[in-house]
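Enquirer: One structure coming up, written as structure tokens, with questions to follow.
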Amino acid sequence: MTQRQIGLRIDVDTLRGTRDGVPRLLEYLNRAGVKGTFFFSVGPDNMGRHLYRLLKPRFFIKMLRSRAASLYGWDILLRGTFWPGPLIGKRLKHVIRATAEAGHEIGFHAWDHHHWQSRIDTLSEAQIRDIVEKGIDLLTAATGEPPVCFASPGWRANNFSVKVLETFQFTYSSDCRGTSIFYPNVDGVPLKTPQVPVTLPTYDELVGRDGVTQKDFNTILLDKLRADQLNVLTIHAEVEGGVCLPLFEQFVSKATDMGYHFVPLGRLPECHQPIPTGNIIAGTIPGREGWVALQSDTGT
């Protein structure tokens, strides 16, 4: 196992994140000599439809705690509510192409991020296939190559969705939170597509909770790194590619000084052999409203 690696996952959820956040991150990552995996949402930007969740106390508190309006901007928070959400992958094809040309790994994240995150438990096999096929087609049109990996929006996945996704033969998926790379068991049979779970908390899960401030964030995150274990960090183009870019730059600098190096997620499975089997279950994690897919009961 190669030690002191941090798998860098960049989620791009919105039109604004693609248009503004991705170019800023590309410029910085190029200067820093860092490569990561960009997971693009390419269909309609309907993220504003999450506003109905303000009726849920935990989500409302999270929005206040993380200062979501200042992080994301009101155009994101209202997108797809009063006017139709634009097709991100068509409007901003050149940004996706530039990301691939810069040498970053390209993954598919969502067609409609909001729809998957809120409806995954009710989607049929045909609906999941339609979503993934449309996303693959748009990303292939943008880069000339199909995406090599997939990451479920909001870490919302279940045994049914990962079994359907298995047929697309992605190199790996990153659908859950956990501690180690594993092959998920479905109906007692391990799938062939490994899961590369996210191991570290995101900015909005930590800041504003239990007295944690932006000033404390990097210190806490650095303390959670483990030199001889899997480290996977998710950043968001809308956040770390926006107002939190200086904070992310500081994290990269400090982690590098500690001897860590950043890699695309696709580099991790080869360094974490042998890969065990495990299960995906629904659960909760501190700082995130609602359920997420969790790694559980890892075996051999």
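Ligands are numbered from 1 in the order shown, chains are lettered A, B, ... in the order of the structure tokens, and residues start at 1 in each chain.
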Write down as a PyMOL selection string the residues belonging to range 84-282 of chain A that are assigned alpha helix (DSSP H) by DSSP computed on the backbone.

Expert: chain A and resi 88-91+93-101+113-119+125-143+159-166+203-206+214-223+245-257

Enquirer: Please provide as a PDB file with C-alpha atoms, in the first residue's frame all residues within 7 Å of Val207 in chain A, with the sequence filter that same-chain residues fewer than 5 positions apart are discarded (counting only C-alpha atoms).

Expert:
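Final file, result-v8.pdb:
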```pdb
ATOM      1  CA  SER A  66     -22.852  26.749   6.708  1.00  0.00           C
ATOM      2  CA  VAL A 212     -16.044  24.764  14.540  1.00  0.00           C
ATOM      3  CA  THR A 213     -15.152  27.909  12.596  1.00  0.00           C
ATOM      4  CA  GLN A 214     -13.569  28.367   9.202  1.00  0.00           C
ATOM      5  CA  PHE A 217     -11.448  23.696   9.551  1.00  0.00           C
TER       6      PHE A 217
END
```

Enquirer: Have a look at A:Thr234, A:Arg91, A:Gly242, A:Pro201 and name the one nearest to Leu25 in chain A; count only C-alpha atoms.

Expert: A:Gly242

Enquirer: Residues of range 210-291 of chain A in strand (DSSP E) according to DSSP, as a count of residues only?

Expert: 15

Enquirer: Residues within 10 Å of Leu165 in chain A, please, as a PyMOL selection string. Count only C-alpha atoms; anything in the same chain fewer than 5 positions from it doesn't count.

Expert: chain A and resi 125+128-129+132+150+159-160+170+173+193

Enquirer: Hey, what's within 7 Å of Val34 in chain A if we count only C-alpha atoms and toss same-chain stuff fewer than 4 positions away? As a list in words, please?

Expert: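 Skipping anything fewer than 4 positions along the chain leaves Leu29, Asn30 and Phe262 of chain A.
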
Enquirer: With distances taken over only C-alpha atoms, which of A:Arg24, A:Arg209, A:Arg4, A:Lys90 is nearest to Tyr260 in chain A?

Expert: A:Arg4

Enquirer: Which residue out of A:Ile235, A:Val198, A:Arg226, A:Gly283 has the minimum interatomic distance to Ala255 in chain A when only C-alpha atoms are used?

Expert: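 Under the stated criterion, the closest residue is A:Arg226.
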
Enquirer: May I ask which of the residues A:Pro23, A:Pro153, A:Gly290, A:Gly43 is the closest one to Leu245 in chain A, counting only C-alpha atoms?

Expert: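 When distances to Leu245 in chain A are compared using only C-alpha atoms, the smallest one comes from A:Pro23.
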
Enquirer: Which polymer residues have any atom within 6 Å of an atom of Gly36 in chain A, counting only C-alpha atoms, with same-chain residues fewer than 6 positions away left out, as a ChimeraX atom specification?

Expert: /A:8,104,263-264

Enquirer: Go ahead and compute the interatomic distance for CA of Val292 in chain A and CA of Gly89 in chain A, in Å to one decimal.

Expert: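 Here the two named atoms are 26.1 Å from each other.
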
Enquirer: With distances taken over only C-alpha atoms, which of A:Trp111, A:Trp291, A:Phe248, A:Phe39 is nearest to Thr219 in chain A?

Expert: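 Counting only C-alpha atoms, the residue closest to Thr219 in chain A is A:Phe248.
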
Enquirer: Please provide as a PDB file with C-alpha atoms, in the first residue's frame all residues within 10 Å of Glu166 in chain A, with the sequence filter that same-chain residues fewer than 3 positions apart are discarded (counting only C-alpha atoms).

Expert:
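Produced file around20.pdb, reproduced below:
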```pdb
ATOM      1  CA  SER A 161     -28.745   1.398  -8.018  1.00  0.00           C
ATOM      2  CA  VAL A 162     -25.209  -0.003  -7.693  1.00  0.00           C
ATOM      3  CA  LYS A 163     -26.324  -3.270  -9.325  1.00  0.00           C
ATOM      4  CA  GLN A 169     -18.514  -1.196 -16.410  1.00  0.00           C
ATOM      5  CA  PHE A 170     -17.116   1.933 -14.791  1.00  0.00           C
ATOM      6  CA  THR A 171     -13.594   1.457 -13.482  1.00  0.00           C
ATOM      7  CA  TYR A 172     -14.909   2.292 -10.010  1.00  0.00           C
ATOM      8  CA  SER A 173     -17.737   4.112  -8.259  1.00  0.00           C
ATOM      9  CA  LEU A 191     -20.000  -6.862  -7.641  1.00  0.00           C
ATOM     10  CA  LYS A 192     -16.960  -6.333  -9.862  1.00  0.00           C
ATOM     11  CA  THR A 193     -16.930  -2.519  -9.646  1.00  0.00           C
ATOM     12  CA  PRO A 194     -15.045  -1.388  -6.533  1.00  0.00           C
TER      13      PRO A 194
END
```

Enquirer: Would you mind listing what lies within 12 Å of Gln273 in chain A as an mmCIF file with C-alpha atoms, in the first residue's frame, with only C-alpha atoms counted and same-chain residues fewer than 3 positions away left out?

Expert:
```cif
data_model
loop_
_atom_site.group_PDB
_atom_site.id
_atom_site.type_symbol
_atom_site.label_atom_id
_atom_site.label_comp_id
_atom_site.auth_asym_id
_atom_site.auth_seq_id
_atom_site.Cartn_x
_atom_site.Cartn_y
_atom_site.Cartn_z
ATOM 1 C CA MET A 1 0.000 0.000 0.000
ATOM 2 C CA THR A 2 1.335 3.415 -0.963
ATOM 3 C CA SER A 180 -11.692 1.415 2.830
ATOM 4 C CA ILE A 181 -12.077 0.391 -0.802
ATOM 5 C CA PHE A 182 -14.401 -2.604 -1.189
ATOM 6 C CA TYR A 183 -16.502 -4.652 -3.567
ATOM 7 C CA PRO A 194 -15.045 -1.388 -6.533
ATOM 8 C CA GLN A 229 -5.084 4.219 5.460
ATOM 9 C CA LEU A 230 -7.451 5.403 2.743
ATOM 10 C CA ARG A 267 -5.106 5.677 -8.656
ATOM 11 C CA LEU A 268 -6.214 4.356 -5.269
ATOM 12 C CA PRO A 269 -7.493 0.790 -5.893
ATOM 13 C CA GLU A 270 -4.130 -0.442 -7.158
ATOM 14 C CA PRO A 276 -12.256 -6.892 0.523
ATOM 15 C CA THR A 277 -16.002 -7.185 0.123
ATOM 16 C CA THR A 300 -12.599 -10.500 3.035
#
```

Enquirer: Out of A:Asn185, A:Gln117, A:Thr122, A:Gln195, which residue has the shortest atom-to-atom distance to Gly154 in chain A when counting only C-alpha atoms?

Expert: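 Nearest candidate to Gly154 in chain A out of A:Asn185, A:Gln117, A:Thr122, A:Gln195: A:Gln117.
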